[in-house]
Amino acid sequence: MLGRLRGPADLKTLGPDELSALAGEIREFLVQHTSARGGHLGPNLGVVELTLALHRVFDSPADPIVFDTGHQAYVHKILTGRAAGFDRLRTRGGLSGYPSRAESEHDWVENSHASTSLSYADGLAKAFQVRGESDRTVVAVIGDGALTGGMAWEALNNIAAGSGRPLVVVLNDNGRSYAPTIGGMAQRMAALRLRPGYERMLGQVKSTLPRAPVVGRPLYGALHAVKTAVKDWLLPPAMFSDLGLKYLGPIDGHDVEELESALSRAKGFRGPVLVHCLTRKGQGYPPAENDDAEQMHSPPAFDPVTGRPKVTPSTSWTSVFSRELLRAGAERDDVVAVTAAMSGPTGLDAFAAAFPDRFYDVGIAEQHAVTSAAGLAMGGLHPVVAVYATFLNRAFDQLLMDCALHRLGVTVVLDRAGITGEDGPSHHGMWDMSLAALVPGLCLAAPRDAVTLSEELFEALAVGDAPTVLRYPKGAVPQEVPALRRVTSGDGGPVPVEGGRGAVDVLAQPRAGHENDVLLVAVGAFGGMAVEAASRLADQGIGVTVVDPRWALPVPPVLVDLAAGHRLVVTVEDGGRSGGVGAAVVDALAGTDVPVQVVALPQRFLESASRAELLIELGLTAQVLARTVTETFADRAGRRSGEAATPAGPDADPFDTPGGLSGRRPAGEA
């Protein structure tokens, strides 16, 4: 049946049996296509019937349907003419794993960060009202724990005030985000989930009892009062009603007929309505249903028959952090862990199991997570807040004003920093270093391998008077890159292995007979790549010292000392070039005669592609880096050969200008 669908309008001609068959086809389609390279399977298996009902009741795109979070929009993509593109889901030039305005007029927003749909919907409904387009209804589908985010409740407060604005909030309540949803709100929702037949029973009483002779209507009135009291005591509809929202539910989210009935009533109300749907994440695929941890929320490539991963997992950055934090928790009873609805993906599950009284999952609420951590630090503990790097953007003010201003020892651990790959522009963790560089007193470390991750985590936990940030990329940990020596002064003097903050690791040095031409500053996981580039440059007769600053922000004073002994400094980092580590090095060397070349990510939204593909395209490889430095030296030699006849000015040797190369585009950037 999928092959016959041209768009949402075709759904409205289908009968119940055809809809049931179509739902089965969609589930099989989802399993087959996500198994090829991974993706958000569990959430989409749970919204098949709901998405069918939405497109049968509402007229997309005239009626905007906004999905929150966006990873539950695969079925929406299938029904809006994009099924053929699923062979290239989450690949370069293929379908995005989230709604995409570039793909379809049916995608209104690219909301892959949670708890935003209600604000978008509020604005759209207001816009339609101002334009006099009263026949349009805005629909916001919020689920997978997104209602735990504070921004959603700010929006609900405004939505409820718009009594004349047609807006339907569909609460897709599956009791989970990545894992079971946490918090008081989740507990109230769970009360409803335990009584899925409650509203149906009350509806039957309402339709039959008033027709009973003599006593029917008075008795119904009395029972209605009892019903209201019971609902207020046991169930949360009163919570939404008190806001001013009409409430419908709970509805069986896998019953298309019941869903259509509720959504049609909501559409006809012509005001703000909340429709509460109960769904099961992973519905219809046994391996997902039986995955207690995540219901196959976002598996890697897997065998569609068994659900098992196709590739044996390697040692990941996340697993190393998980192990080391567990060790820290055993050694120090003041270490506590905080996360925002992603204890599993950030590696906190082991800590939570070992120290349940020292673990806090606050739901999808990064702002609250960081300020709550500030309170934990004020109370004498050392909190570790673990989130994805892309989500630090949401808590910048809290990091700045609530942690740094108060000089509190809060450690923020950022998983999936830098290029993350297939999840696309909203999930590339490329903004964190630019943001962190703005925060007074904050120290940021970027480990290059498992050994330095362990060292730098424990060094961060030793800081009690300032926030610290530890960042690392997605994927497997590279081979260890041992240091030749660790220095804290420009004369290269050795320091103890526990050198800590302020120490710089020397990873490579010029070959015998080579001069100190280039100081190559490798941030984080680029340590191994920089050592390889240095070897290539040595073959060209260029002497290179490779250093890992370890604590890259603020710039260690020893790095300034080392730079003074070289003719060129090149920084390479997996973050945006504006305001990042390279920019900080340029500032630190502003009073010297040493030029700086910054190699970093271009300051733009990068598309979906594998990490390897994007690093090659952007020139962040040993080969391209070596070629770029070689060309720079050739350019310098040509300039210096004619410097006596070349006056200072626009054509002056950039190597003779402090920071003169800092404005060069990164390798590979157009």
# chains A, B, ... in the order shown; residues from 1 in each chain; ligands from 1
$ residues_around --residues "Ser434 in chain A" --least-positions-apart "4" --cutoff "12 Å" --atoms "only C-alpha atoms" --output "list in words"
Ala389, Leu392, Asn393, Phe396, Gly418, Gly429, Met430, Leu438, Val439, Leu444, Ala552, Leu553, Pro554, Glu573, Asp574, Gly575, Gly576, Arg577, Ser578, Gly579, Gly580, Val581, Gly582, Ala583, Ala584, Ala600, Leu601 and Gln603 of chain A
$ select_by_dssp --residues "range 330-404 of chain A" --states "strand (DSSP E or B)" --output "list in words"
Val335, Val336, Ala337, Val338, Thr339, Phe359, Tyr360, Asp361, His382, Pro383, Val384, Val385, Ala386, Val387 and Tyr388 of chain A
$ residues_around --residues "Ala21 in chain A" --least-positions-apart "6" --cutoff "12 Å" --atoms "only C-alpha atoms" --output "list in words"
Met1, Leu2, Leu14, Gly15, Arg27, Glu28, Val48, Glu49 and Leu52 of chain A
$ write_last_selection --atoms "N, CA, C and O atoms" --output "tab-separated table (two decimals), in the first residue's frame"
chain	number	residue	atom	x	y	z
A	1	MET	N	0.81	-1.20	0.00
A	1	MET	CA	0.00	0.00	0.00
A	1	MET	C	0.85	1.26	0.00
A	1	MET	O	0.45	2.29	-0.52
A	2	LEU	N	2.05	1.18	0.60
A	2	LEU	CA	2.92	2.35	0.63
A	2	LEU	C	3.22	2.86	-0.77
A	2	LEU	O	3.28	4.07	-1.00
A	14	LEU	N	-9.05	5.61	2.84
A	14	LEU	CA	-8.82	4.24	3.29
A	14	LEU	C	-9.81	3.83	4.38
A	14	LEU	O	-10.18	4.63	5.24
A	15	GLY	N	-10.19	2.57	4.35
A	15	GLY	CA	-11.05	2.02	5.38
A	15	GLY	C	-10.24	1.45	6.52
A	15	GLY	O	-9.00	1.38	6.46
A	27	ARG	N	5.57	-0.20	9.75
A	27	ARG	CA	6.48	-0.73	10.77
A	27	ARG	C	7.56	-1.60	10.14
A	27	ARG	O	8.74	-1.51	10.49
A	28	GLU	N	7.17	-2.44	9.20
A	28	GLU	CA	8.16	-3.28	8.52
A	28	GLU	C	9.15	-2.41	7.75
A	28	GLU	O	10.36	-2.67	7.75
A	48	VAL	N	2.99	5.33	14.78
A	48	VAL	CA	2.46	5.00	13.44
A	48	VAL	C	0.99	5.35	13.35
A	48	VAL	O	0.56	6.12	12.47
A	49	GLU	N	0.15	4.80	14.24
A	49	GLU	CA	-1.29	5.08	14.18
A	49	GLU	C	-1.58	6.55	14.45
A	49	GLU	O	-2.46	7.15	13.82
A	52	LEU	N	-0.88	8.52	11.29
A	52	LEU	CA	-1.95	8.26	10.32
A	52	LEU	C	-3.18	9.08	10.65
A	52	LEU	O	-3.78	9.74	9.78
$ closest_atom_pairs --of "range 394-483 of chain A" --to "range 323-345 of chain A" --cutoff "8 Å" --atoms "only C-alpha atoms" --output "Markdown table"
| residue | atom | partner | partner_atom | distance |
| --- | --- | --- | --- | --- |
| A:Ser454 | CA | A:Glu324 | CA | 6.1 |
| A:Leu457 | CA | A:Glu324 | CA | 7.8 |
| A:Phe458 | CA | A:Ala328 | CA | 7.4 |
$ residues_around --residues "Gly244 in chain A" --least-positions-apart "2" --cutoff "10 Å" --atoms "only C-alpha atoms" --output "compact mmCIF listing (two decimals) with N, CA, C and O atoms, in the first residue's frame"
# COMPACT_ATOMS: atom_id res chain seq x y z
N LEU A 156 2.88 26.62 27.21
CA LEU A 156 1.52 26.23 27.58
C LEU A 156 0.80 27.38 28.28
O LEU A 156 -0.40 27.61 28.09
N ASN A 157 1.53 28.11 29.09
CA ASN A 157 0.94 29.24 29.81
C ASN A 157 0.40 30.28 28.84
O ASN A 157 -0.66 30.88 29.08
N ASN A 158 1.10 30.49 27.72
CA ASN A 158 0.65 31.44 26.71
C ASN A 158 -0.43 30.85 25.82
O ASN A 158 -1.38 31.53 25.43
N ILE A 159 -0.27 29.58 25.47
CA ILE A 159 -1.25 28.93 24.60
C ILE A 159 -2.64 28.97 25.23
O ILE A 159 -3.65 29.24 24.58
N ALA A 160 -2.69 28.70 26.54
CA ALA A 160 -3.98 28.65 27.23
C ALA A 160 -4.69 30.00 27.21
O ALA A 160 -5.93 30.05 27.28
N ALA A 161 -3.92 31.08 27.10
CA ALA A 161 -4.53 32.41 27.09
C ALA A 161 -5.15 32.75 25.74
O ALA A 161 -5.93 33.71 25.64
N GLY A 162 -4.85 31.98 24.71
CA GLY A 162 -5.37 32.27 23.37
C GLY A 162 -6.66 31.52 23.10
O GLY A 162 -6.69 30.63 22.24
N SER A 163 -7.71 31.85 23.79
CA SER A 163 -8.95 31.09 23.71
C SER A 163 -9.54 31.05 22.31
O SER A 163 -10.27 30.11 21.96
N ALA A 238 -6.93 18.03 35.66
CA ALA A 238 -7.15 19.30 36.34
C ALA A 238 -5.96 20.23 36.18
O ALA A 238 -6.12 21.46 36.14
N MET A 239 -4.78 19.66 36.09
CA MET A 239 -3.58 20.46 35.92
C MET A 239 -3.65 21.26 34.63
O MET A 239 -3.32 22.45 34.59
N PHE A 240 -4.10 20.62 33.55
CA PHE A 240 -4.23 21.33 32.28
C PHE A 240 -5.45 22.24 32.29
O PHE A 240 -5.41 23.35 31.75
N SER A 241 -6.52 21.80 32.91
CA SER A 241 -7.72 22.62 32.97
C SER A 241 -7.46 23.90 33.75
O SER A 241 -7.96 24.97 33.40
N ASP A 242 -6.66 23.80 34.82
CA ASP A 242 -6.34 24.99 35.61
C ASP A 242 -5.56 26.01 34.80
O ASP A 242 -5.60 27.21 35.07
N LYS A 246 -8.51 22.98 27.31
CA LYS A 246 -9.47 21.89 27.19
C LYS A 246 -8.68 20.59 27.10
O LYS A 246 -7.69 20.51 26.37
N TYR A 247 -9.10 19.57 27.84
CA TYR A 247 -8.36 18.31 27.91
C TYR A 247 -9.22 17.18 27.37
O TYR A 247 -10.38 17.04 27.75
N PRO A 272 -7.55 26.33 22.10
CA PRO A 272 -6.48 25.45 22.57
C PRO A 272 -7.03 24.19 23.24
O PRO A 272 -7.85 24.27 24.16
N VAL A 273 -6.58 23.04 22.78
CA VAL A 273 -7.02 21.74 23.31
C VAL A 273 -5.79 20.86 23.46
O VAL A 273 -4.89 20.86 22.61
$ atom_distance --atom1 "CA of Asp415 in chain A" --atom2 "CA of Val451 in chain A"
16.6 Å
$ atom_distance --atom1 "CA of Asp587 in chain A" --atom2 "CA of Pro557 in chain A"
12.2 Å
$ decode --residues "range 362-387 of chain A" --atoms "N, CA and C atoms" --output "PDB file, in the first residue's frame"
ATOM      1  N   VAL A 362      17.126  15.128  35.705  1.00  0.00           N
ATOM      2  CA  VAL A 362      16.150  16.208  35.868  1.00  0.00           C
ATOM      3  C   VAL A 362      15.160  16.295  34.708  1.00  0.00           C
ATOM      4  N   GLY A 363      15.222  15.344  33.754  1.00  0.00           N
ATOM      5  CA  GLY A 363      14.375  15.451  32.574  1.00  0.00           C
ATOM      6  C   GLY A 363      15.027  16.363  31.551  1.00  0.00           C
ATOM      7  N   ILE A 364      14.291  16.653  30.482  1.00  0.00           N
ATOM      8  CA  ILE A 364      14.867  17.461  29.401  1.00  0.00           C
ATOM      9  C   ILE A 364      14.860  18.925  29.830  1.00  0.00           C
ATOM     10  N   ALA A 365      15.822  19.259  30.693  1.00  0.00           N
ATOM     11  CA  ALA A 365      15.835  20.586  31.321  1.00  0.00           C
ATOM     12  C   ALA A 365      17.282  20.973  31.616  1.00  0.00           C
ATOM     13  N   GLU A 366      18.025  21.274  30.559  1.00  0.00           N
ATOM     14  CA  GLU A 366      19.448  21.567  30.720  1.00  0.00           C
ATOM     15  C   GLU A 366      19.697  22.807  31.574  1.00  0.00           C
ATOM     16  N   GLN A 367      18.856  23.819  31.429  1.00  0.00           N
ATOM     17  CA  GLN A 367      19.040  25.027  32.241  1.00  0.00           C
ATOM     18  C   GLN A 367      18.930  24.686  33.720  1.00  0.00           C
ATOM     19  N   HIS A 368      17.871  23.979  34.070  1.00  0.00           N
ATOM     20  CA  HIS A 368      17.672  23.577  35.457  1.00  0.00           C
ATOM     21  C   HIS A 368      18.801  22.675  35.932  1.00  0.00           C
ATOM     22  N   ALA A 369      19.279  21.785  35.054  1.00  0.00           N
ATOM     23  CA  ALA A 369      20.351  20.868  35.440  1.00  0.00           C
ATOM     24  C   ALA A 369      21.579  21.632  35.920  1.00  0.00           C
ATOM     25  N   VAL A 370      21.977  22.674  35.186  1.00  0.00           N
ATOM     26  CA  VAL A 370      23.202  23.403  35.523  1.00  0.00           C
ATOM     27  C   VAL A 370      23.015  24.244  36.776  1.00  0.00           C
ATOM     28  N   THR A 371      21.869  24.907  36.906  1.00  0.00           N
ATOM     29  CA  THR A 371      21.670  25.718  38.108  1.00  0.00           C
ATOM     30  C   THR A 371      21.432  24.843  39.338  1.00  0.00           C
ATOM     31  N   SER A 372      20.770  23.710  39.167  1.00  0.00           N
ATOM     32  CA  SER A 372      20.646  22.761  40.269  1.00  0.00           C
ATOM     33  C   SER A 372      22.023  22.267  40.692  1.00  0.00           C
ATOM     34  N   ALA A 373      22.903  22.054  39.714  1.00  0.00           N
ATOM     35  CA  ALA A 373      24.279  21.664  40.030  1.00  0.00           C
ATOM     36  C   ALA A 373      24.987  22.761  40.813  1.00  0.00           C
ATOM     37  N   ALA A 374      24.695  24.010  40.471  1.00  0.00           N
ATOM     38  CA  ALA A 374      25.276  25.123  41.232  1.00  0.00           C
ATOM     39  C   ALA A 374      24.844  25.039  42.695  1.00  0.00           C
ATOM     40  N   GLY A 375      23.568  24.721  42.912  1.00  0.00           N
ATOM     41  CA  GLY A 375      23.087  24.561  44.282  1.00  0.00           C
ATOM     42  C   GLY A 375      23.758  23.397  44.987  1.00  0.00           C
ATOM     43  N   LEU A 376      23.971  22.298  44.263  1.00  0.00           N
ATOM     44  CA  LEU A 376      24.676  21.157  44.844  1.00  0.00           C
ATOM     45  C   LEU A 376      26.089  21.557  45.270  1.00  0.00           C
ATOM     46  N   ALA A 377      26.757  22.362  44.436  1.00  0.00           N
ATOM     47  CA  ALA A 377      28.107  22.819  44.774  1.00  0.00           C
ATOM     48  C   ALA A 377      28.072  23.751  45.977  1.00  0.00           C
ATOM     49  N   MET A 378      27.078  24.631  46.029  1.00  0.00           N
ATOM     50  CA  MET A 378      26.943  25.505  47.196  1.00  0.00           C
ATOM     51  C   MET A 378      26.776  24.697  48.477  1.00  0.00           C
ATOM     52  N   GLY A 379      26.149  23.530  48.346  1.00  0.00           N
ATOM     53  CA  GLY A 379      25.908  22.680  49.503  1.00  0.00           C
ATOM     54  C   GLY A 379      27.068  21.780  49.873  1.00  0.00           C
ATOM     55  N   GLY A 380      28.210  21.941  49.216  1.00  0.00           N
ATOM     56  CA  GLY A 380      29.395  21.211  49.604  1.00  0.00           C
ATOM     57  C   GLY A 380      29.704  19.976  48.788  1.00  0.00           C
ATOM     58  N   LEU A 381      28.995  19.768  47.677  1.00  0.00           N
ATOM     59  CA  LEU A 381      29.254  18.618  46.822  1.00  0.00           C
ATOM     60  C   LEU A 381      29.966  19.061  45.546  1.00  0.00           C
ATOM     61  N   HIS A 382      30.468  18.077  44.784  1.00  0.00           N
ATOM     62  CA  HIS A 382      31.034  18.398  43.468  1.00  0.00           C
ATOM     63  C   HIS A 382      30.199  17.699  42.409  1.00  0.00           C
ATOM     64  N   PRO A 383      29.295  18.439  41.756  1.00  0.00           N
ATOM     65  CA  PRO A 383      28.431  17.836  40.732  1.00  0.00           C
ATOM     66  C   PRO A 383      29.127  17.714  39.387  1.00  0.00           C
ATOM     67  N   VAL A 384      28.814  16.608  38.694  1.00  0.00           N
ATOM     68  CA  VAL A 384      29.256  16.384  37.321  1.00  0.00           C
ATOM     69  C   VAL A 384      28.000  16.354  36.462  1.00  0.00           C
ATOM     70  N   VAL A 385      27.861  17.335  35.575  1.00  0.00           N
ATOM     71  CA  VAL A 385      26.693  17.436  34.698  1.00  0.00           C
ATOM     72  C   VAL A 385      27.082  16.883  33.338  1.00  0.00           C
ATOM     73  N   ALA A 386      26.443  15.795  32.920  1.00  0.00           N
ATOM     74  CA  ALA A 386      26.788  15.152  31.647  1.00  0.00           C
ATOM     75  C   ALA A 386      25.655  15.329  30.650  1.00  0.00           C
ATOM     76  N   VAL A 387      25.948  16.016  29.543  1.00  0.00           N
ATOM     77  CA  VAL A 387      24.983  16.230  28.466  1.00  0.00           C
ATOM     78  C   VAL A 387      25.729  16.171  27.139  1.00  0.00           C
TER      79      VAL A 387
END
